[in-house]
>>> print(open('protein34.cif').read())   # mmCIF, C-alpha atoms
data_query
#
loop_
_atom_site.label_atom_id
_atom_site.label_comp_id
_atom_site.auth_asym_id
_atom_site.auth_seq_id
_atom_site.Cartn_x
_atom_site.Cartn_y
_atom_site.Cartn_z
CA MET A 24 -25.08 -39.71 -57.56
CA ALA A 25 -26.02 -36.17 -56.55
CA SER A 26 -29.67 -35.24 -56.50
CA PHE A 27 -31.21 -32.47 -58.56
CA GLY A 28 -31.80 -30.30 -55.50
CA SER A 29 -28.16 -30.36 -54.36
CA ILE A 30 -26.97 -29.56 -57.88
CA ARG A 31 -29.35 -26.60 -58.04
CA CYS A 32 -28.12 -25.27 -54.68
CA ASP A 33 -24.52 -25.48 -55.84
CA ILE A 34 -25.36 -23.59 -59.02
CA PHE A 35 -27.18 -20.87 -57.05
CA ASP A 36 -24.28 -20.52 -54.58
CA LYS A 37 -21.78 -20.14 -57.39
CA GLU A 38 -23.93 -17.50 -59.10
CA GLU A 39 -24.38 -15.60 -55.81
CA LYS A 40 -20.63 -15.59 -55.11
CA LYS A 41 -19.99 -14.47 -58.68
CA GLN A 42 -22.42 -11.56 -58.34
CA GLN A 43 -20.96 -10.64 -54.94
CA TYR A 44 -17.44 -10.69 -56.36
CA GLN A 45 -18.46 -8.51 -59.28
CA ALA A 46 -20.30 -6.07 -56.98
CA HIS A 47 -17.77 -5.79 -54.14
CA ILE A 48 -14.37 -6.81 -55.50
CA LEU A 49 -14.07 -5.80 -59.15
CA GLY A 50 -14.90 -2.17 -58.36
CA LEU A 51 -12.05 -1.85 -55.82
CA ASN A 52 -8.46 -0.95 -56.41
CA ALA A 53 -5.60 -3.14 -55.24
CA TYR A 54 -5.19 -1.38 -51.86
CA ASP A 55 -8.91 -1.48 -51.00
CA ARG A 56 -9.11 -5.16 -52.00
CA HIS A 57 -6.13 -5.85 -49.73
CA LYS A 58 -7.84 -4.17 -46.76
CA LYS A 59 -11.11 -6.01 -47.41
CA PHE A 60 -9.40 -9.40 -47.64
CA LEU A 61 -7.58 -8.76 -44.35
CA LYS A 62 -10.78 -7.67 -42.67
CA ASP A 63 -12.64 -10.73 -43.89
CA TYR A 64 -9.79 -12.98 -42.80
CA VAL A 65 -9.70 -11.52 -39.30
CA SER A 66 -13.47 -11.63 -38.90
CA TYR A 67 -13.65 -15.23 -40.13
CA TYR A 68 -10.66 -16.75 -38.33
CA GLY A 69 -11.02 -14.75 -35.14
CA GLY A 70 -10.48 -11.08 -34.44
CA GLU A 71 -10.87 -8.88 -31.39
CA GLY A 72 -14.24 -10.32 -30.56
CA LYS A 73 -12.87 -13.86 -30.32
CA LYS A 74 -9.65 -13.06 -28.48
CA GLN A 75 -9.27 -14.84 -25.21
CA GLU A 76 -9.24 -12.59 -22.16
CA LYS A 77 -5.72 -12.29 -20.83
CA LEU A 78 -5.47 -13.05 -17.15
CA PRO A 79 -3.02 -11.05 -15.00
CA ILE A 80 0.29 -12.83 -14.62
CA LYS A 81 2.14 -12.62 -11.30
CA THR A 82 5.86 -12.44 -11.93
CA ASP A 83 8.69 -13.15 -9.50
CA GLN A 84 9.27 -9.42 -9.20
CA ASP A 85 5.65 -8.92 -8.15
CA THR A 86 6.05 -11.68 -5.58
CA LEU A 87 9.19 -10.07 -4.15
CA ARG A 88 7.60 -6.65 -4.03
CA GLU A 89 4.56 -8.05 -2.22
CA GLY A 90 6.29 -10.33 0.28
CA TYR A 91 9.57 -8.51 0.95
CA ARG A 92 10.22 -7.27 4.51
CA PHE A 93 13.02 -4.94 5.54
CA ILE A 94 13.58 -7.07 8.64
CA ARG A 95 12.04 -10.53 8.60
CA SER A 96 10.38 -11.92 11.71
CA GLU A 97 10.15 -15.50 12.95
CA GLU A 98 6.56 -15.66 11.71
CA ASP A 99 7.74 -14.82 8.20
CA ASP A 100 10.28 -17.64 8.33
CA MET A 101 7.59 -20.11 9.43
CA ASP A 102 5.67 -19.57 6.21
CA PHE A 103 6.85 -22.26 3.76
CA SER A 104 4.84 -21.21 0.71
CA TRP A 105 6.75 -20.89 -2.54
CA GLU A 106 6.27 -17.12 -2.49
CA GLN A 107 7.88 -16.78 0.95
CA ARG A 108 10.66 -19.22 0.01
CA LEU A 109 11.44 -17.01 -2.99
CA VAL A 110 11.43 -13.87 -0.85
CA LYS A 111 13.64 -15.47 1.81
CA ARG A 112 16.12 -16.66 -0.81
CA TYR A 113 16.43 -13.09 -2.08
CA TYR A 114 16.60 -11.70 1.48
CA ASP A 115 19.45 -14.03 2.41
CA LYS A 116 21.53 -12.71 -0.48
CA LEU A 117 21.47 -9.16 0.93
CA PHE A 118 24.22 -7.77 3.18
CA LYS A 119 22.69 -6.23 6.30
CA GLU A 120 25.57 -4.37 7.93
CA TYR A 121 25.23 -1.00 6.18
CA CYS A 122 22.34 0.57 4.30
CA ILE A 123 21.95 2.43 1.03
CA ALA A 124 19.86 5.61 1.21
CA ASP A 125 17.64 7.26 -1.38
CA MET A 126 17.56 11.00 -0.54
CA SER A 127 15.60 12.19 -3.57
CA HIS A 128 12.87 13.64 -1.29
CA TYR A 129 15.00 14.67 1.68
CA LYS A 130 13.45 18.16 1.82
CA SER A 131 10.12 16.64 2.84
CA GLY A 132 11.82 14.38 5.39
CA LYS A 133 11.28 11.21 3.32
CA ILE A 134 14.41 9.06 3.03
CA GLY A 135 14.34 5.47 1.82
CA LEU A 136 16.76 2.81 3.10
CA ARG A 137 17.58 -0.65 1.83
CA TRP A 138 20.25 -3.29 2.38
CA ARG A 139 23.27 -3.59 0.11
CA THR A 140 23.67 -6.11 -2.68
CA GLU A 141 26.76 -8.20 -3.35
CA LYS A 142 27.83 -5.89 -6.18
CA GLU A 143 27.67 -2.86 -3.89
CA VAL A 144 29.63 -4.63 -1.17
CA THR A 145 32.34 -5.51 -3.68
CA SER A 146 32.59 -1.91 -4.92
CA GLY A 147 32.57 -0.53 -1.35
CA LYS A 148 29.36 1.42 -1.86
CA GLY A 149 27.81 2.27 1.48
CA GLN A 150 30.98 1.64 3.49
CA PHE A 151 33.97 3.19 1.75
CA VAL A 152 31.82 5.29 -0.58
CA CYS A 153 28.97 7.56 0.54
CA GLY A 154 25.82 5.56 1.22
CA ASN A 155 23.63 8.04 -0.65
CA LYS A 156 22.41 6.32 -3.79
CA HIS A 157 23.28 9.33 -5.96
CA CYS A 158 26.59 10.31 -4.32
CA ASN A 159 30.04 8.81 -4.91
CA GLU A 160 32.02 10.87 -2.39
CA GLU A 161 34.87 8.96 -0.73
CA GLU A 162 36.32 11.68 1.54
CA GLY A 163 35.04 12.87 4.91
CA LEU A 164 32.80 9.85 5.52
CA THR A 165 31.10 9.30 8.88
CA SER A 166 29.10 6.31 10.14
CA TYR A 167 25.72 7.09 11.74
CA GLU A 168 23.19 4.98 13.60
CA VAL A 169 19.86 5.99 12.10
CA ASN A 170 16.49 5.30 13.69
CA PHE A 171 14.64 4.23 10.55
CA ALA A 172 10.87 4.61 10.94
CA TYR A 173 8.90 3.09 8.06
CA PHE A 174 5.47 1.76 7.11
CA GLU A 175 5.33 -1.82 5.89
CA ALA A 176 2.58 -4.44 5.50
CA GLY A 177 0.03 -2.12 7.09
CA GLU A 178 2.16 -1.50 10.20
CA ASN A 179 4.41 1.28 11.49
CA LYS A 180 7.86 -0.13 12.26
CA GLN A 181 11.24 1.10 13.48
CA ALA A 182 14.77 -0.22 13.12
CA LEU A 183 18.20 1.05 14.18
CA VAL A 184 20.53 0.75 11.18
CA LYS A 185 23.99 1.94 10.14
CA LEU A 186 24.50 4.46 7.37
CA VAL A 187 27.77 5.92 6.08
CA THR A 188 27.52 9.35 4.44
CA CYS A 189 29.66 12.33 3.55
CA GLU A 190 29.26 15.69 5.29
CA ARG A 191 26.97 17.13 2.62
CA CYS A 192 24.63 14.13 2.62
CA ALA A 193 24.64 13.99 6.43
CA LYS A 194 22.95 17.41 6.46
CA LYS A 195 20.19 15.99 4.28
CA LEU A 196 19.35 13.46 7.01
CA VAL A 197 18.36 16.25 9.40
CA TYR A 198 17.33 18.86 6.83
CA LYS A 199 13.64 18.89 7.75
CA LYS A 200 14.32 19.01 11.50
CA MET A 201 16.79 21.86 11.03
CA LYS A 202 14.26 23.83 8.99
CA GLU A 203 11.54 23.23 11.60
CA LYS A 204 13.92 24.34 14.35
CA GLU A 205 14.87 27.48 12.43
CA LYS A 206 11.19 28.24 11.87
CA GLU A 207 10.41 27.84 15.58
CA GLU A 208 13.43 29.98 16.49
CA SER A 209 12.28 32.67 14.07
CA LYS A 210 8.79 32.64 15.61
CA ARG A 211 10.25 32.86 19.11
CA ARG A 212 12.46 35.82 18.17
CA GLY A 213 9.49 37.50 16.53
CA LYS A 214 7.42 37.12 19.71
CA GLU A 215 10.27 38.46 21.87
CA GLU A 216 10.78 41.48 19.61
CA HIS A 217 7.04 42.17 19.61
CA LYS A 218 6.99 41.94 23.41
CA LYS A 219 9.98 44.29 23.76
CA LYS A 220 8.42 46.76 21.35
CA ARG A 221 5.18 46.72 23.28
CA GLU A 222 7.04 47.30 26.55
CA ARG A 223 8.95 50.21 25.00
CA ASP A 224 5.70 51.74 23.77
CA GLU A 225 4.16 51.38 27.23
CA ASN A 226 7.23 52.98 28.85
CA ASP A 227 7.12 55.84 26.36
CA ASP A 228 3.43 56.36 27.12
CA ASP A 229 4.10 56.41 30.89
CA THR A 230 6.97 58.87 30.43
CA SER A 231 4.83 61.14 28.28
CA LYS A 232 1.99 61.11 30.82
CA ALA A 233 4.36 61.82 33.72
CA TYR A 234 5.92 64.69 31.78
CA GLU A 235 2.50 66.15 30.99
CA ARG A 236 1.44 65.92 34.64
CA ALA A 237 4.65 67.54 35.84
CA HIS A 238 4.50 70.29 33.23
CA GLY A 239 0.84 71.04 34.03
CA LYS A 240 1.57 71.30 37.78
CA LYS A 241 4.44 73.71 37.09
CA LEU A 242 2.14 75.92 35.05
CA LEU A 243 -0.40 76.02 37.88
CA LEU A 244 2.25 76.95 40.42
CA THR A 245 3.58 79.70 38.16
CA SER A 246 0.10 81.16 37.66
CA ALA A 247 -0.59 81.12 41.39
CA GLY A 248 2.72 82.84 42.13
CA ASP A 249 2.00 85.62 39.62
CA GLY A 250 -1.39 86.29 41.26
CA LYS A 251 0.20 86.64 44.73
CA ALA A 252 2.73 89.17 43.48
CA ASP A 253 -0.04 91.33 41.97
CA ASP A 254 -1.96 91.36 45.32
CA GLU A 255 1.13 92.57 47.21
CA ASP A 256 1.62 95.50 44.76
CA ASN A 257 -2.03 96.58 45.12
CA PHE A 258 -1.76 96.49 48.97
CA ASP A 259 1.34 98.74 48.91
CA GLU A 260 -0.45 101.26 46.75
CA PHE A 261 -3.40 101.23 49.17
CA LEU A 262 -1.14 101.95 52.15
CA GLN A 263 0.53 104.84 50.32
CA GLY A 264 -2.89 106.36 49.74
CA MET A 265 -3.78 106.24 53.42
CA PHE A 266 -0.54 107.85 54.64
CA PRO A 267 0.44 110.70 52.35
#
>>> encode(input="protein34.cif", output="structure tokens")
Amino acid sequence: MASFGSIRCDIFDKEEKKQQYQAHILGLNAYDRHKKFLKDYVSYYGGEGKKQEKLPIKTDQDTLREGYRFIRSEEDDMDFSWEQRLVKRYYDKLFKEYCIADMSHYKSGKIGLRWRTEKEVTSGKGQFVCGNKHCNEEEGLTSYEVNFAYFEAGENKQALVKLVTCERCAKKLVYKKMKEKEKEESKRRGKEEHKKKRERDENDDDTSKAYERAHGKKLLLTSAGDGKADDEDNFDEFLQGMFP
């Protein structure tokens, strides 16, 4: 049998809930009541404050991106962790005779290379079709041995690989070097022209000075000759005066 105190507490709780309902619920419209009920539900059963912190999940793609090597070494094959086994399984599925190139940033000299997949081998991409990722040219193809210098796993590496491209894409491989060569050639021609111009100016100055010296000497000689002729005329007049 319930005691008097517990009965009184129940009565007080019911009255308090009734007053709270009348004060906070009856005065609201249907939409506001809906929002309040949802808010109370979330706050009571667990909302943002009670959500468990989501830990970062490492997917297979993240593992491949982290552990992939363009050319695997013996040390890589000696690692038998599940990450390296996954990477090696993917690496073994690639076909490493010809490469596929990404020339999106060829103007800055940055060209990416990767091995071909089975689908690309079947379609002839990279061997019978231009190896540029964004080119499908099938005519005028040429095979090149490219010295691929790349940065991987904190190290600078190099590899000699084969790449088949069309004539237009082949120019993209050496675009930066050609531009640098043209720039150096332009500078060299500019220096040579400046040097020739300076030599011409110096020759013109020497010619002008020589002409001025020669012209000045001629004037002096002419003046001296005129003075001598005047002296001879005066002497003749003097002699005529002495012998009438």
>>> resolve_selection(input="protein34.cif", expression="the PyMOL selection byres ((chain A and resi 188-205) around 6)", output="MDAnalysis selection string")
chainID A and resid 129:130 132 153:154 163:165 187 206:208
>>> atom_distance(input="protein34.cif", atom1="atom CA of Trp138 of chain A", atom2="atom CA of Cys122 of chain A")
4.8 Å
>>> atom_distance(input="protein34.cif", atom1="atom CA of Glu160 of chain A", atom2="atom CA of Ile134 of chain A")
18.5 Å
>>> atom_distance(input="protein34.cif", atom1="atom CA of Tyr121 of chain A", atom2="atom CA of Phe174 of chain A")
20.0 Å
>>> residues_around(input="protein34.cif", residues="Phe171 of chain A", least_positions_apart="4", cutoff="12 Å", atoms="only C-alpha atoms", output="number ranges by chain")
A: 93-94, 122, 124, 132-137, 167, 179-186, 196
>>> axis_aligned_box(input="protein34.cif", around="segment 32-43 of chain A", padding_each_side="8 Å", output="lines of an AutoDock Vina configuration file")
center_x = -24.1
center_y = -18.1
center_z = -56.8
size_x = 24.1
size_y = 30.8
size_z = 20.5
>>> residues_around(input="protein34.cif", residues="Asp83 of chain A", least_positions_apart="4", cutoff="12 Å", atoms="all atoms listed in the file", output="ChimeraX atom specification")
/A:87-91,105-110,112-113
>>> resolve_selection(input="protein34.cif", expression="the PyMOL selection byres ((chain A and resi 157) around 9)", output="list in words")
Ala124, Asp125, Met126, Ser127, Cys153, Gly154, Asn155, Lys156, Cys158 and Asn159 of chain A
>>> decode(input="protein34.cif", residues="segment 143-173 of chain A", atoms="N, CA and C atoms", output="short mmCIF file (atom, residue, chain, number, x, y, z; two decimals), in the first residue's frame")
data_model
loop_
_atom_site.label_atom_id
_atom_site.label_comp_id
_atom_site.auth_asym_id
_atom_site.auth_seq_id
_atom_site.Cartn_x
_atom_site.Cartn_y
_atom_site.Cartn_z
N GLU A 143 42.30 -0.74 -70.93
CA GLU A 143 43.04 0.08 -71.90
C GLU A 143 43.86 -0.79 -72.84
N VAL A 144 44.39 -1.88 -72.34
CA VAL A 144 45.14 -2.80 -73.20
C VAL A 144 44.21 -3.42 -74.23
N THR A 145 43.02 -3.79 -73.81
CA THR A 145 42.05 -4.40 -74.71
C THR A 145 41.62 -3.43 -75.81
N SER A 146 41.44 -2.15 -75.46
CA SER A 146 41.01 -1.15 -76.44
C SER A 146 42.17 -0.62 -77.28
N GLY A 147 43.41 -0.96 -76.92
CA GLY A 147 44.57 -0.49 -77.66
C GLY A 147 45.06 0.88 -77.25
N LYS A 148 44.49 1.44 -76.21
CA LYS A 148 44.90 2.75 -75.72
C LYS A 148 46.34 2.70 -75.24
N GLY A 149 47.15 3.62 -75.74
CA GLY A 149 48.54 3.67 -75.33
C GLY A 149 49.48 2.90 -76.23
N GLN A 150 48.94 2.12 -77.17
CA GLN A 150 49.78 1.37 -78.10
C GLN A 150 49.34 1.60 -79.55
N PHE A 151 48.06 1.41 -79.81
CA PHE A 151 47.52 1.66 -81.15
C PHE A 151 46.69 2.93 -81.19
N VAL A 152 46.50 3.54 -80.04
CA VAL A 152 45.85 4.84 -79.90
C VAL A 152 46.79 5.73 -79.09
N CYS A 153 46.79 7.02 -79.38
CA CYS A 153 47.70 7.95 -78.69
C CYS A 153 47.64 7.75 -77.18
N GLY A 154 48.84 7.74 -76.57
CA GLY A 154 48.93 7.50 -75.13
C GLY A 154 48.55 8.68 -74.27
N ASN A 155 48.25 9.83 -74.89
CA ASN A 155 47.74 10.97 -74.11
C ASN A 155 46.34 10.64 -73.61
N LYS A 156 46.11 10.86 -72.35
CA LYS A 156 44.84 10.50 -71.72
C LYS A 156 43.65 11.14 -72.42
N HIS A 157 43.83 12.35 -72.95
CA HIS A 157 42.72 13.09 -73.55
C HIS A 157 42.83 13.15 -75.08
N CYS A 158 43.51 12.21 -75.69
CA CYS A 158 43.65 12.20 -77.15
C CYS A 158 43.35 10.79 -77.66
N ASN A 159 42.62 10.70 -78.74
CA ASN A 159 42.24 9.41 -79.32
C ASN A 159 42.75 9.27 -80.77
N GLU A 160 43.83 9.97 -81.08
CA GLU A 160 44.38 9.92 -82.43
C GLU A 160 45.00 8.54 -82.69
N GLU A 161 44.73 8.01 -83.89
CA GLU A 161 45.26 6.70 -84.26
C GLU A 161 46.25 6.76 -85.42
N GLU A 162 46.43 7.93 -86.03
CA GLU A 162 47.32 8.07 -87.17
C GLU A 162 48.59 8.81 -86.75
N GLY A 163 49.70 8.47 -87.43
CA GLY A 163 50.96 9.17 -87.18
C GLY A 163 51.52 8.95 -85.79
N LEU A 164 51.38 7.73 -85.26
CA LEU A 164 51.86 7.44 -83.91
C LEU A 164 53.35 7.09 -83.94
N THR A 165 54.05 7.49 -82.89
CA THR A 165 55.47 7.20 -82.73
C THR A 165 55.73 6.78 -81.29
N SER A 166 56.60 5.77 -81.13
CA SER A 166 56.95 5.28 -79.79
C SER A 166 58.20 6.00 -79.31
N TYR A 167 58.16 6.51 -78.09
CA TYR A 167 59.29 7.24 -77.50
C TYR A 167 59.71 6.56 -76.19
N GLU A 168 61.00 6.63 -75.91
CA GLU A 168 61.52 6.24 -74.61
C GLU A 168 61.70 7.51 -73.79
N VAL A 169 60.91 7.64 -72.75
CA VAL A 169 60.85 8.87 -71.97
C VAL A 169 61.55 8.65 -70.63
N ASN A 170 62.44 9.58 -70.30
CA ASN A 170 63.10 9.54 -68.99
C ASN A 170 62.16 10.23 -67.99
N PHE A 171 61.40 9.43 -67.27
CA PHE A 171 60.38 9.93 -66.36
C PHE A 171 60.99 10.21 -65.00
N ALA A 172 61.09 11.49 -64.66
CA ALA A 172 61.60 11.91 -63.35
C ALA A 172 60.40 12.29 -62.48
N TYR A 173 60.30 11.69 -61.30
CA TYR A 173 59.13 11.92 -60.46
C TYR A 173 59.54 11.88 -58.99
#
